[in-house]
file start28.txt (compact mmCIF, C-alpha atoms)
# COMPACT_ATOMS: atom_id res chain seq x y z
CA MET A 1336 6.39 -26.34 21.71
CA LEU A 1337 9.88 -25.14 20.96
CA ASN A 1338 9.94 -27.06 17.71
CA SER A 1339 6.76 -25.38 16.59
CA ILE A 1340 8.06 -21.90 17.31
CA CYS A 1341 11.41 -22.35 15.70
CA THR A 1342 9.82 -23.33 12.41
CA THR A 1343 8.45 -19.84 11.96
CA GLU A 1344 9.87 -16.43 11.37
CA ASN A 1345 7.10 -14.18 12.58
CA LEU A 1346 5.38 -14.40 15.90
CA LEU A 1347 2.56 -12.09 16.85
CA ILE A 1348 1.26 -12.01 20.40
CA VAL A 1349 -2.09 -10.33 20.91
CA LEU A 1350 -2.74 -9.47 24.53
CA PRO A 1351 -6.15 -8.95 26.12
CA GLY A 1352 -7.24 -5.32 25.97
CA HIS A 1353 -5.23 -4.78 22.82
CA GLU A 1354 -7.01 -2.39 20.45
CA GLU A 1355 -6.82 -3.29 16.86
CA HIS A 1356 -7.80 -1.52 13.67
CA VAL A 1357 -9.63 -3.88 11.40
CA ALA A 1358 -11.22 -3.77 8.00
CA GLU A 1359 -14.79 -4.96 7.84
CA LEU A 1360 -15.81 -6.28 4.46
CA ASP A 1361 -19.13 -7.38 3.03
CA LEU A 1362 -18.28 -10.08 0.54
CA VAL A 1363 -20.30 -11.90 -2.08
CA PRO A 1364 -18.68 -15.16 -3.15
CA VAL A 1365 -18.19 -15.77 -6.86
CA GLY A 1366 -17.42 -18.96 -8.74
CA ASP A 1367 -14.67 -19.70 -11.22
CA VAL A 1368 -16.98 -19.04 -14.17
CA GLN A 1369 -17.91 -15.60 -12.89
CA LEU A 1370 -14.25 -14.60 -12.93
CA GLU A 1371 -14.44 -14.42 -16.69
CA GLU A 1372 -17.47 -12.18 -16.74
CA THR A 1373 -16.87 -8.56 -17.57
CA HIS A 1374 -20.14 -7.49 -15.99
CA ILE A 1375 -21.86 -8.56 -12.79
CA ASP A 1376 -25.10 -10.45 -13.10
CA GLU A 1377 -27.18 -8.47 -10.69
CA ASP A 1378 -29.75 -11.17 -9.97
CA THR A 1379 -27.05 -13.71 -9.13
CA LEU A 1380 -25.30 -11.19 -6.92
CA MET A 1381 -28.42 -10.19 -5.06
CA SER A 1382 -29.48 -13.78 -4.42
CA THR A 1383 -26.11 -14.83 -2.99
CA PRO A 1384 -25.66 -14.69 0.80
CA VAL A 1385 -23.31 -11.97 2.00
CA SER A 1386 -20.37 -12.85 4.20
CA THR A 1387 -19.14 -10.12 6.49
CA ILE A 1388 -15.62 -10.49 7.76
CA GLN A 1389 -13.33 -8.53 10.03
CA ILE A 1390 -9.66 -8.77 9.25
CA SER A 1391 -6.52 -7.25 10.61
CA VAL A 1392 -4.35 -6.53 7.61
CA ASP A 1393 -0.70 -6.88 6.79
CA LEU A 1394 0.43 -8.86 9.81
CA GLU A 1395 4.03 -8.99 8.72
CA HIS A 1396 4.41 -5.24 9.08
CA GLN A 1397 2.26 -4.53 12.13
CA GLY A 1398 5.23 -3.52 14.19
CA ASP A 1399 6.65 -1.21 11.54
CA ALA A 1400 6.75 2.54 11.97
CA ASN A 1401 4.89 3.08 8.71
CA TYR A 1402 2.22 0.49 9.42
CA GLN A 1403 -0.58 3.10 9.43
CA GLU A 1404 0.33 4.06 5.86
CA ARG A 1405 0.38 0.44 4.84
CA ARG A 1406 -3.02 -0.10 6.46
CA LYS A 1407 -4.43 2.87 4.54
CA LYS A 1408 -3.09 1.34 1.33
CA TRP A 1409 -5.05 -1.82 2.09
CA VAL A 1410 -8.24 0.10 2.81
CA VAL A 1411 -7.87 2.06 -0.43
CA ALA A 1412 -7.41 -1.23 -2.32
CA PHE A 1413 -10.56 -2.68 -0.73
CA GLU A 1414 -12.44 0.50 -1.60
CA LYS A 1415 -11.30 0.35 -5.23
CA CYS A 1416 -12.50 -3.24 -5.40
CA SER A 1417 -15.80 -2.26 -3.84
CA HIS A 1418 -16.16 0.63 -6.31
CA ALA A 1419 -15.75 -1.81 -9.19
CA THR A 1420 -18.75 -3.77 -7.89
CA THR A 1421 -20.84 -0.65 -7.43
CA LEU A 1422 -19.94 0.85 -10.81
CA SER A 1423 -20.58 -2.42 -12.60
CA LEU A 1424 -24.06 -2.55 -11.11
CA GLU A 1425 -24.84 1.09 -11.72
CA PHE A 1426 -23.29 1.45 -15.17
CA PRO A 1427 -23.52 -2.04 -16.69
CA LEU A 1428 -23.01 -0.72 -20.21
CA GLN A 1429 -20.10 1.58 -19.54
CA PHE A 1430 -18.19 -0.23 -16.84
CA ASP A 1431 -16.19 -3.32 -17.66
CA LEU A 1432 -14.83 -5.25 -14.66
CA HIS A 1433 -11.59 -5.98 -16.49
CA LEU A 1434 -11.04 -2.69 -18.27
CA GLY A 1435 -12.54 -0.40 -15.65
CA LEU A 1436 -14.32 2.66 -16.89
CA ALA A 1437 -13.54 1.66 -20.44
CA GLY A 1438 -16.62 3.28 -21.88
CA PHE A 1439 -15.68 6.62 -20.37
CA GLY A 1440 -12.12 6.49 -21.65
CA GLY A 1441 -12.82 5.42 -25.22
CA MET A 1442 -10.82 2.21 -24.80
CA GLU A 1443 -13.59 -0.31 -25.07
CA ASN A 1444 -12.83 -1.07 -28.70
CA PHE A 1445 -9.06 -0.70 -28.55
CA ASP A 1446 -8.25 -4.39 -29.07
CA ALA A 1447 -10.86 -4.91 -31.78
CA ASP A 1448 -9.85 -1.73 -33.65
CA LYS A 1449 -6.18 -2.57 -33.67
CA TYR A 1450 -6.87 -6.16 -34.69
CA GLN A 1451 -9.10 -5.12 -37.57
CA LYS A 1452 -6.59 -2.52 -38.78
CA ALA A 1453 -3.82 -5.13 -38.86
CA MET A 1454 -5.97 -7.62 -40.72
CA GLY A 1455 -7.19 -4.95 -43.13
CA ALA A 1456 -3.61 -4.06 -44.00
CA GLY A 1457 -2.84 -7.69 -44.81
CA LEU A 1458 -0.69 -8.12 -41.73
CA PRO A 1459 -0.74 -11.26 -39.57
CA PRO A 1460 -2.80 -11.06 -36.38
CA PRO A 1461 -0.75 -9.97 -33.37
CA ARG A 1462 -0.03 -12.85 -31.00
CA SER A 1463 1.52 -12.85 -27.54
CA PRO A 1464 4.46 -15.25 -27.01
CA SER A 1465 2.23 -17.75 -25.18
CA MET A 1466 -0.40 -17.62 -27.94
CA GLN A 1467 2.34 -18.35 -30.47
CA VAL A 1468 3.43 -21.44 -28.59
CA GLN A 1469 -0.13 -22.75 -28.71
CA ALA A 1470 -0.52 -21.88 -32.38
CA TYR A 1471 2.76 -23.40 -33.51
CA ASN A 1472 2.36 -26.52 -31.42
CA ARG A 1473 -0.69 -27.28 -33.48
CA ARG A 1474 1.25 -27.46 -36.68
CA GLN A 1475 4.76 -28.38 -37.71
CA ARG A 1476 7.17 -25.49 -37.71
CA ARG A 1477 8.55 -24.31 -40.99
CA ARG A 1478 11.33 -21.80 -41.52
CA SER A 1479 8.87 -19.15 -42.75
CA ASP A 1480 6.93 -19.57 -39.51
CA PHE A 1481 9.74 -18.00 -37.51
CA ALA A 1482 9.64 -14.78 -39.52
CA GLN A 1483 5.90 -14.59 -39.13
CA ALA A 1484 6.15 -15.37 -35.41
CA GLU A 1485 8.64 -12.57 -34.98
CA ARG A 1486 6.31 -10.11 -36.71
CA GLU A 1487 3.28 -11.31 -34.73
CA GLU A 1488 5.11 -10.94 -31.46
CA ARG A 1489 6.49 -7.51 -32.36
CA ASP A 1490 3.02 -6.30 -33.27
CA TRP A 1491 1.59 -7.75 -30.10
CA TRP A 1492 4.11 -5.91 -27.91
CA SER A 1493 3.53 -2.76 -29.90
CA PHE A 1494 -0.23 -3.01 -29.25
CA ARG A 1495 0.39 -3.80 -25.62
CA PHE A 1496 2.62 -0.75 -25.26
CA LYS A 1497 0.01 1.53 -26.83
CA LYS A 1498 -2.74 0.12 -24.69
CA VAL A 1499 -0.84 0.55 -21.44
CA TYR A 1500 0.16 4.06 -22.52
CA LEU A 1501 -3.49 4.98 -23.12
CA GLU A 1502 -4.51 3.47 -19.79
CA MET A 1503 -1.82 5.43 -17.96
CA GLU A 1504 -2.86 8.60 -19.74
CA ARG A 1505 -6.49 7.97 -18.87
CA ASP A 1506 -5.66 7.33 -15.19
CA GLN A 1507 -3.73 10.59 -14.99
CA ARG A 1508 -6.67 12.61 -16.29
CA MET F 555 11.64 9.69 -23.92
CA LYS F 556 10.84 9.69 -20.22
CA THR F 557 7.26 8.68 -20.96
CA THR F 558 8.38 5.89 -23.28
CA PHE F 559 10.66 4.50 -20.60
CA ARG F 560 7.94 4.78 -17.96
CA VAL F 561 5.43 2.95 -20.15
CA MET F 562 7.95 0.21 -20.95
CA GLN F 563 8.58 -0.27 -17.24
CA GLU F 564 4.84 -0.42 -16.61
CA VAL F 565 4.38 -3.02 -19.37
CA LYS F 566 7.19 -5.08 -17.85
CA SER F 567 5.80 -4.87 -14.33
CA ARG F 568 2.34 -5.83 -15.56
CA GLU F 569 3.74 -8.87 -17.35
CA GLU F 570 5.53 -9.92 -14.16
CA GLU F 571 2.33 -9.45 -12.20
CA TYR F 572 0.41 -11.48 -14.80
CA ASN F 573 2.91 -14.34 -14.56
CA LEU F 574 2.79 -14.21 -10.76
CA ILE F 575 -0.99 -14.53 -10.78
CA LYS F 576 -0.83 -17.40 -13.27
CA ASP F 577 1.53 -19.25 -10.91
CA LEU F 578 -0.66 -18.37 -7.96
CA ALA F 579 -3.79 -19.70 -9.67
CA LEU F 580 -2.05 -23.04 -10.24
CA ALA F 581 -1.02 -23.22 -6.58
CA ILE F 582 -4.49 -22.65 -5.15
CA GLU F 583 -6.40 -25.78 -4.23
CA GLY F 584 -10.08 -25.43 -4.97
CA LEU F 585 -9.57 -23.13 -7.93
CA ASP F 586 -10.27 -24.66 -11.30
CA SER F 587 -7.01 -24.81 -13.27
CA SER F 588 -8.81 -23.45 -16.30
CA SER F 589 -10.20 -20.51 -14.35
CA SER F 590 -9.35 -17.09 -15.61
CA LEU F 591 -8.11 -15.51 -12.42
CA ALA F 592 -5.02 -14.46 -14.32
CA SER F 593 -5.88 -11.73 -16.75
CA ARG F 594 -3.80 -8.84 -18.00
CA GLU F 595 -6.68 -6.52 -17.24
CA ARG F 596 -7.19 -7.73 -13.66
CA ARG F 597 -4.72 -5.81 -11.54
CA LEU F 598 -3.35 -7.02 -8.22
CA LEU F 599 -3.66 -4.01 -5.92
CA VAL F 600 -2.19 -5.44 -2.73
CA ARG F 601 -1.42 -8.79 -1.13
CA GLY F 602 -0.23 -9.96 2.27
CA SER F 603 -0.85 -11.93 5.43
CA CYS F 604 -3.91 -10.98 7.39
CA ARG F 605 -5.62 -12.19 10.51
CA LEU F 606 -9.23 -13.21 10.13
CA LEU F 607 -10.93 -12.10 13.33
CA ALA F 608 -14.56 -12.78 12.72
CA SER F 609 -17.00 -13.67 10.02
CA ARG F 610 -20.70 -14.10 9.58
CA SER F 611 -22.87 -15.07 6.70
CA GLN F 612 -26.39 -13.90 6.07
CA ALA F 613 -28.90 -14.49 3.35
CA ARG F 614 -30.40 -11.36 1.86
CA SER F 615 -34.10 -10.85 1.65
CA LYS F 616 -35.58 -10.28 -1.75
CA ARG F 617 -35.33 -6.61 -2.48
CA GLY F 618 -38.09 -5.98 -4.95
CA SER F 619 -37.60 -4.76 -8.48
CA SER F 620 -34.32 -4.45 -10.31
CA ALA F 621 -34.55 -0.65 -10.28
CA ASN F 622 -35.03 -0.64 -6.52
CA ARG F 623 -32.04 -2.93 -6.07
CA HIS F 624 -29.93 -0.57 -8.17
CA SER F 625 -30.91 2.30 -5.92
CA LEU F 626 -30.22 0.33 -2.77
CA VAL F 627 -26.71 -0.57 -3.90
CA LEU F 628 -26.07 3.06 -4.80
CA LEU F 629 -27.48 4.23 -1.48
CA ASP F 630 -25.24 1.77 0.34
CA ALA F 631 -22.23 3.16 -1.53
CA ILE F 632 -23.23 6.78 -0.78
CA ASP F 633 -23.83 5.85 2.83
CA ASN F 634 -20.30 4.49 3.08
CA TRP F 635 -18.82 7.44 1.30
CA ASP F 636 -20.77 9.84 3.46
CA GLY F 637 -18.75 8.98 6.47
CA THR F 638 -21.00 6.77 8.51
CA LYS F 639 -18.66 3.91 7.87
CA ARG F 640 -15.59 5.97 7.16
CA SER F 641 -15.59 7.25 10.70
CA GLU F 642 -14.10 4.48 12.67
CA LYS F 643 -16.29 2.30 14.77
CA ARG F 644 -15.39 0.83 18.09
CA ARG F 645 -16.22 -2.74 18.81
CA SER F 646 -15.31 -5.39 21.28
CA LEU F 647 -14.60 -8.90 20.36
CA LEU F 648 -15.89 -11.52 22.69
CA PRO F 649 -13.33 -13.37 24.75
CA SER F 650 -11.04 -15.55 22.77
CA PRO F 651 -12.86 -18.81 22.20
CA SER F 652 -10.23 -21.16 23.42
CA PRO F 653 -7.87 -20.64 26.33
CA ASP F 654 -5.29 -22.99 24.91
CA PHE F 655 -3.62 -22.53 21.55
CA ASN F 656 -4.76 -25.30 19.33
CA ALA F 657 -2.50 -27.04 16.86
CA GLY F 658 -4.38 -25.52 13.97
CA ALA F 659 -3.50 -22.03 15.10
CA PHE F 660 0.15 -22.88 15.36
CA ALA F 661 0.21 -24.44 11.94
CA GLY F 662 -1.72 -21.58 10.37
CA SER F 663 -4.45 -24.06 9.72
CA ALA F 664 -7.25 -23.42 7.27
CA SER F 665 -9.89 -24.33 9.79
CA PRO F 666 -10.91 -21.35 11.85
CA ASN F 667 -11.03 -21.62 15.59
CA LYS F 668 -14.71 -21.25 16.21
CA ASN F 669 -16.44 -20.03 19.28
CA PRO F 670 -17.86 -23.03 21.13
CA SER F 671 -21.15 -21.23 21.46
CA GLY F 672 -21.28 -20.92 17.70
CA SER F 673 -21.41 -17.17 17.37
CA SER F 674 -20.82 -13.96 19.22
CA GLY F 675 -23.50 -11.60 20.43
CA SER F 676 -23.12 -9.53 17.28
CA GLY F 677 -23.84 -12.56 15.12
CA TYR F 678 -20.19 -13.09 14.23
CA ASP F 679 -18.40 -16.38 14.34
CA LEU F 680 -15.07 -15.70 15.93
CA ALA F 681 -12.40 -17.07 13.72
CA PHE F 682 -8.83 -16.35 14.65
CA SER F 683 -6.76 -17.63 11.81
CA SER F 684 -4.00 -16.43 9.56
CA VAL F 685 -4.96 -16.01 5.94
CA GLU F 686 -3.31 -14.65 2.83
CA VAL F 687 -5.38 -12.02 1.06
CA PHE F 688 -5.00 -10.90 -2.55
CA VAL F 689 -6.95 -7.77 -3.44
CA PHE F 690 -7.54 -7.47 -7.17
CA SER F 691 -9.24 -4.65 -9.02
CA ASP F 692 -12.56 -6.50 -9.06
CA VAL F 693 -12.34 -9.44 -6.62
CA VAL F 694 -10.59 -10.48 -3.44
CA VAL F 695 -9.07 -13.93 -2.99
CA VAL F 696 -8.69 -15.30 0.55
CA VAL F 697 -6.55 -18.39 0.99
CA THR F 698 -4.86 -20.30 3.75
CA PRO F 699 -1.44 -21.88 3.36
CA THR F 700 -1.38 -25.67 3.12
CA GLY F 701 2.33 -26.05 2.50
CA LYS F 702 5.24 -24.38 0.85
CA ASP F 703 3.78 -22.17 -1.90
CA ARG F 704 0.53 -24.11 -1.75
CA TRP F 705 -2.79 -22.54 -0.85
CA LYS F 706 -6.38 -23.47 -0.27
CA LEU F 707 -9.40 -21.26 -0.84
CA VAL F 708 -11.21 -20.28 2.33
CA GLU F 709 -14.71 -21.69 2.44
CA ARG F 710 -17.69 -19.41 1.70
CA PHE F 711 -15.71 -16.33 0.59
CA GLY F 712 -12.51 -17.65 -0.99
CA ILE F 713 -13.14 -15.60 -4.13
CA ALA F 714 -15.55 -12.76 -3.61
CA ARG F 715 -16.65 -9.37 -4.80
CA VAL F 716 -16.56 -6.59 -2.23
CA LEU F 717 -19.85 -4.86 -1.56
CA ASN F 718 -18.90 -2.62 1.33
CA VAL F 719 -15.79 -1.63 3.22
CA ALA F 720 -15.60 -0.14 6.67
CA GLU F 721 -12.90 0.46 9.22
CA ALA F 722 -13.43 -0.44 12.85
CA THR F 723 -11.48 -0.64 16.06
CA VAL F 724 -11.91 -3.81 18.05
CA THR F 725 -10.69 -4.63 21.52
CA VAL F 726 -9.39 -8.10 22.09
CA GLN F 727 -10.71 -9.47 25.34
CA GLY F 728 -10.13 -12.67 27.23
CA ASP F 729 -7.02 -14.71 26.68
CA ALA F 730 -3.92 -13.81 24.81
CA GLU F 731 -3.50 -15.18 21.31
CA LEU F 732 -0.45 -16.33 19.52
CA HIS F 733 -0.25 -16.00 15.78
CA LEU F 734 2.54 -17.53 13.84
CA HIS F 735 3.17 -16.83 10.20
CA HIS F 736 5.09 -19.32 8.22
CA ARG F 737 5.42 -17.83 4.80
CA LYS F 738 9.13 -18.48 4.90
CA PRO F 739 9.58 -21.48 7.17
CA LEU F 740 12.96 -22.16 8.59
CA ASN F 741 14.23 -25.68 8.44
CA CYS F 742 14.22 -26.83 12.02
CA SER F 743 16.19 -29.98 11.37
CA SER F 744 19.11 -27.98 10.03
CA ARG F 745 19.47 -26.37 13.42
CA ALA F 746 19.60 -29.63 15.30
call {"tool": "encode", "arguments": {"input": "start28.txt", "output": "structure tokens"}}
result
Amino acid sequence: MLNSICTTENLLIVLPGHEEHVAELDLVPVGDVQLEETHIDEDTLMSTPVSTIQISVDLEHQGDANYQERRKKWVVAFEKCSHATTLSLEFPLQFDLHLGLAGFGGMENFDADKYQKAMGAGLPPPRSPSMQVQAYNRRQRRRSDFAQAEREERDWWSFRFKKVYLEMERDQR
Amino acid sequence: MKTTFRVMQEVKSREEEYNLIKDLALAIEGLDSSSSLASRERRLLVRGSCRLLASRSQARSKRGSSANRHSLVLLDAIDNWDGTKRSEKRRSLLPSPSPDFNAGAFAGSASPNKNPSGSSGSGYDLAFSSVEVFVFSDVVVVVTPTGKDRWKLVERFGIARVLNVAEATVTVQGDAELHLHHRKPLNCSSRA
């Protein structure tokens, strides 16, 4: 028994009669493939059994003075997640699970617009550092590749910056 | 200038979050390595250790036409927003299923400690186990630790979309429970 206890850092003892605030969630399981989908397939969702769970959140900070605030933060996060499901079902054309209310913020075509503008101006397509690794592994590196890689990466970060800026601006509205 | 700096910090923090989720996805058993859990657009809202108290699974009846289903989902959401679920509920959990603390509970085992009778009066399976929960902007991921920085998806709702959220107050009855969290295990042998 002692060995078991000394291998841990946090020990929580829940006594009988203890009142506990819990979050109750209705969950619909999704598969790996569905993670890529930007919209919920309503028929699949409605035909999947619902799991309802009760959980006590943030165990590591349950004794903290600001635990109530932390618990609220969890509930707000669950509610945001739940809103995404509801909005995706109600506004399948405007709401993108990955971009959020993209259609309402005019950001739905941001990536495509920027990409087309770069290509139209004769510039190389913007590539993130990881995309560059994949691209250059496929062919032998030449000296000129490094200059192009530098430009691609710079453009990619520039696009990323603009996109995040627009998202932040939209969220503040 | 302030805005530029703020946006640069945000870009940096999002990249760190993206890399964290990529690492996490690789460490979760049961998640396809090619799955796209990690995405720059999918934001991690909160993560942490939680205690799974109870769960139940139910098949839904067919709900008629697509339009009707739309309305039902919206009505559910309005119902929640309206305060019926926002006002806290009071519930009692049935007595703890097992008077002794099983090895699984001590080890933070993935297998929940189920009520011998199968379910509680409210239709819940009592399941006292420690889980790690990741709440993303569109899905929640529930895993149990299987080792150092290794995880396993919880069965049935390991990756799930959230339909409804409610807060409730439950009263633990019966025997005391011990919950041990071993996110940062100490090396016992070094103390010997």
call {"tool": "closest_residue", "arguments": {"input": "start28.txt", "among": "A:Arg1505, A:Lys1407, A:Arg1486, A:Lys1415", "to": "chain F", "atoms": "all atoms listed in the file"}}
result
A:Lys1415
call {"tool": "atom_distance", "arguments": {"input": "start28.txt", "atom1": "atom CA of Ala581 of chain F", "atom2": "atom CA of Glu686 of chain F"}}
result
12.9 Å
call {"tool": "residues_around", "arguments": {"input": "start28.txt", "residues": "segment 701-713 of chain F", "least_positions_apart": "6", "cutoff": "8 Å", "atoms": "all atoms listed in the file", "output": "ChimeraX atom specification"}}
result
/A:1362-1366,1386 /F:581-585,664,693-695,737
call {"tool": "atom_distance", "arguments": {"input": "start28.txt", "atom1": "atom CA of Pro699 of chain F", "atom2": "atom CA of Lys576 of chain F"}}
result
17.2 Å
call {"tool": "closest_atom_pairs", "arguments": {"input": "start28.txt", "of": "segment 1355-1451 of chain A", "to": "segment 687-691 of chain F", "cutoff": "12 Å", "atoms": "all atoms listed in the file", "output": "Markdown table"}}
result
| residue | atom | partner | partner_atom | distance |
| --- | --- | --- | --- | --- |
| A:Leu1360 | CA | F:Val689 | CA | 12.0 |
| A:Leu1370 | CA | F:Phe690 | CA | 11.4 |
| A:Ile1390 | CA | F:Val687 | CA | 9.8 |
| A:Ser1391 | CA | F:Val687 | CA | 10.7 |
| A:Val1392 | CA | F:Val687 | CA | 8.6 |
| A:Asp1393 | CA | F:Val687 | CA | 9.0 |
| A:Leu1394 | CA | F:Val687 | CA | 11.0 |
| A:Lys1408 | CA | F:Val689 | CA | 11.0 |
| A:Trp1409 | CA | F:Val689 | CA | 8.3 |
| A:Val1410 | CA | F:Val689 | CA | 10.1 |
| A:Val1411 | CA | F:Val689 | CA | 10.3 |
| A:Ala1412 | CA | F:Val689 | CA | 6.7 |
| A:Phe1413 | CA | F:Val689 | CA | 6.8 |
| A:Glu1414 | CA | F:Ser691 | CA | 9.6 |
| A:Lys1415 | CA | F:Ser691 | CA | 6.6 |
| A:Cys1416 | CA | F:Ser691 | CA | 5.1 |
| A:Ser1417 | CA | F:Ser691 | CA | 8.7 |
| A:His1418 | CA | F:Ser691 | CA | 9.1 |
| A:Ala1419 | CA | F:Ser691 | CA | 7.1 |
| A:Thr1420 | CA | F:Ser691 | CA | 9.6 |
| A:Asp1431 | CA | F:Ser691 | CA | 11.2 |
| A:Leu1432 | CA | F:Ser691 | CA | 8.0 |
| A:His1433 | CA | F:Ser691 | CA | 7.9 |
| A:Leu1434 | CA | F:Ser691 | CA | 9.6 |
| A:Gly1435 | CA | F:Ser691 | CA | 8.5 |
| A:Leu1436 | CA | F:Ser691 | CA | 11.9 |
call {"tool": "atom_distance", "arguments": {"input": "start28.txt", "atom1": "atom CA of Asp1367 of chain A", "atom2": "atom CA of Ser589 of chain F"}}
result
5.5 Å
call {"tool": "closest_residue", "arguments": {"input": "start28.txt", "among": "A:Asn1401, A:Gln1429, A:Gln1389, A:Gln1483", "to": "chain F", "atoms": "only C-alpha atoms"}}
result
A:Gln1389
call {"tool": "closest_residue", "arguments": {"input": "start28.txt", "among": "A:Lys1497, A:His1356, A:His1396, A:Arg1405", "to": "chain F", "atoms": "only C-alpha atoms"}}
result
A:His1356
call {"tool": "closest_residue", "arguments": {"input": "start28.txt", "among": "A:Glu1355, A:Glu1488, A:Glu1372, A:Asp1480", "to": "chain F", "atoms": "all atoms listed in the file"}}
result
A:Glu1355
call {"tool": "closest_residue", "arguments": {"input": "start28.txt", "among": "F:Glu570, F:Thr557, F:Leu591, F:Val685", "to": "Val1368 of chain A", "atoms": "only C-alpha atoms"}}
result
F:Leu591
call {"tool": "closest_residue", "arguments": {"input": "start28.txt", "among": "A:Gln1369, A:Glu1487, A:Ala1482, A:Val1385", "to": "chain F", "atoms": "only C-alpha atoms"}}
result
A:Val1385
call {"tool": "build_atoms", "arguments": {"input": "start28.txt", "residues": "segment 570-589 of chain F", "atoms": "N, CA and C atoms", "output": "PDB file, in the frame of the given file"}}
result
ATOM      1  N   GLU F 570       5.058  -9.164 -15.335  1.00  0.00           N
ATOM      2  CA  GLU F 570       5.530  -9.920 -14.160  1.00  0.00           C
ATOM      3  C   GLU F 570       4.375 -10.240 -13.227  1.00  0.00           C
ATOM      4  N   GLU F 571       3.500  -9.250 -13.059  1.00  0.00           N
ATOM      5  CA  GLU F 571       2.330  -9.450 -12.200  1.00  0.00           C
ATOM      6  C   GLU F 571       1.426 -10.539 -12.784  1.00  0.00           C
ATOM      7  N   TYR F 572       1.254 -10.500 -14.100  1.00  0.00           N
ATOM      8  CA  TYR F 572       0.410 -11.480 -14.800  1.00  0.00           C
ATOM      9  C   TYR F 572       0.970 -12.896 -14.608  1.00  0.00           C
ATOM     10  N   ASN F 573       2.283 -13.026 -14.736  1.00  0.00           N
ATOM     11  CA  ASN F 573       2.910 -14.340 -14.560  1.00  0.00           C
ATOM     12  C   ASN F 573       2.800 -14.818 -13.117  1.00  0.00           C
ATOM     13  N   LEU F 574       2.927 -13.870 -12.181  1.00  0.00           N
ATOM     14  CA  LEU F 574       2.790 -14.210 -10.760  1.00  0.00           C
ATOM     15  C   LEU F 574       1.398 -14.755 -10.464  1.00  0.00           C
ATOM     16  N   ILE F 575       0.386 -14.099 -11.038  1.00  0.00           N
ATOM     17  CA  ILE F 575      -0.990 -14.530 -10.780  1.00  0.00           C
ATOM     18  C   ILE F 575      -1.269 -15.874 -11.456  1.00  0.00           C
ATOM     19  N   LYS F 576      -0.662 -16.090 -12.615  1.00  0.00           N
ATOM     20  CA  LYS F 576      -0.830 -17.400 -13.270  1.00  0.00           C
ATOM     21  C   LYS F 576      -0.273 -18.500 -12.376  1.00  0.00           C
ATOM     22  N   ASP F 577       0.921 -18.268 -11.817  1.00  0.00           N
ATOM     23  CA  ASP F 577       1.530 -19.250 -10.910  1.00  0.00           C
ATOM     24  C   ASP F 577       0.678 -19.436  -9.658  1.00  0.00           C
ATOM     25  N   LEU F 578       0.172 -18.320  -9.161  1.00  0.00           N
ATOM     26  CA  LEU F 578      -0.660 -18.370  -7.960  1.00  0.00           C
ATOM     27  C   LEU F 578      -1.908 -19.206  -8.199  1.00  0.00           C
ATOM     28  N   ALA F 579      -2.547 -18.976  -9.347  1.00  0.00           N
ATOM     29  CA  ALA F 579      -3.790 -19.700  -9.670  1.00  0.00           C
ATOM     30  C   ALA F 579      -3.542 -21.208  -9.707  1.00  0.00           C
ATOM     31  N   LEU F 580      -2.365 -21.602 -10.183  1.00  0.00           N
ATOM     32  CA  LEU F 580      -2.050 -23.040 -10.240  1.00  0.00           C
ATOM     33  C   LEU F 580      -1.803 -23.614  -8.858  1.00  0.00           C
ATOM     34  N   ALA F 581      -1.390 -22.738  -7.915  1.00  0.00           N
ATOM     35  CA  ALA F 581      -1.020 -23.220  -6.580  1.00  0.00           C
ATOM     36  C   ALA F 581      -2.185 -23.212  -5.599  1.00  0.00           C
ATOM     37  N   ILE F 582      -3.342 -22.728  -6.062  1.00  0.00           N
ATOM     38  CA  ILE F 582      -4.490 -22.650  -5.150  1.00  0.00           C
ATOM     39  C   ILE F 582      -5.385 -23.871  -5.316  1.00  0.00           C
ATOM     40  N   GLU F 583      -5.519 -24.614  -4.232  1.00  0.00           N
ATOM     41  CA  GLU F 583      -6.400 -25.780  -4.230  1.00  0.00           C
ATOM     42  C   GLU F 583      -7.838 -25.277  -4.166  1.00  0.00           C
ATOM     43  N   GLY F 584      -8.682 -25.854  -4.973  1.00  0.00           N
ATOM     44  CA  GLY F 584     -10.080 -25.430  -4.970  1.00  0.00           C
ATOM     45  C   GLY F 584     -10.393 -24.470  -6.096  1.00  0.00           C
ATOM     46  N   LEU F 585      -9.351 -24.021  -6.790  1.00  0.00           N
ATOM     47  CA  LEU F 585      -9.570 -23.130  -7.930  1.00  0.00           C
ATOM     48  C   LEU F 585      -9.365 -23.937  -9.202  1.00  0.00           C
ATOM     49  N   ASP F 586     -10.361 -23.899 -10.057  1.00  0.00           N
ATOM     50  CA  ASP F 586     -10.270 -24.660 -11.300  1.00  0.00           C
ATOM     51  C   ASP F 586      -9.046 -24.202 -12.104  1.00  0.00           C
ATOM     52  N   SER F 587      -8.252 -25.169 -12.569  1.00  0.00           N
ATOM     53  CA  SER F 587      -7.010 -24.810 -13.270  1.00  0.00           C
ATOM     54  C   SER F 587      -7.284 -24.016 -14.548  1.00  0.00           C
ATOM     55  N   SER F 588      -8.491 -24.195 -15.085  1.00  0.00           N
ATOM     56  CA  SER F 588      -8.810 -23.450 -16.300  1.00  0.00           C
ATOM     57  C   SER F 588      -9.461 -22.095 -15.990  1.00  0.00           C
ATOM     58  N   SER F 589      -9.544 -21.773 -14.705  1.00  0.00           N
ATOM     59  CA  SER F 589     -10.200 -20.510 -14.350  1.00  0.00           C
ATOM     60  C   SER F 589      -9.364 -19.335 -14.843  1.00  0.00           C
TER      61      SER F 589
END
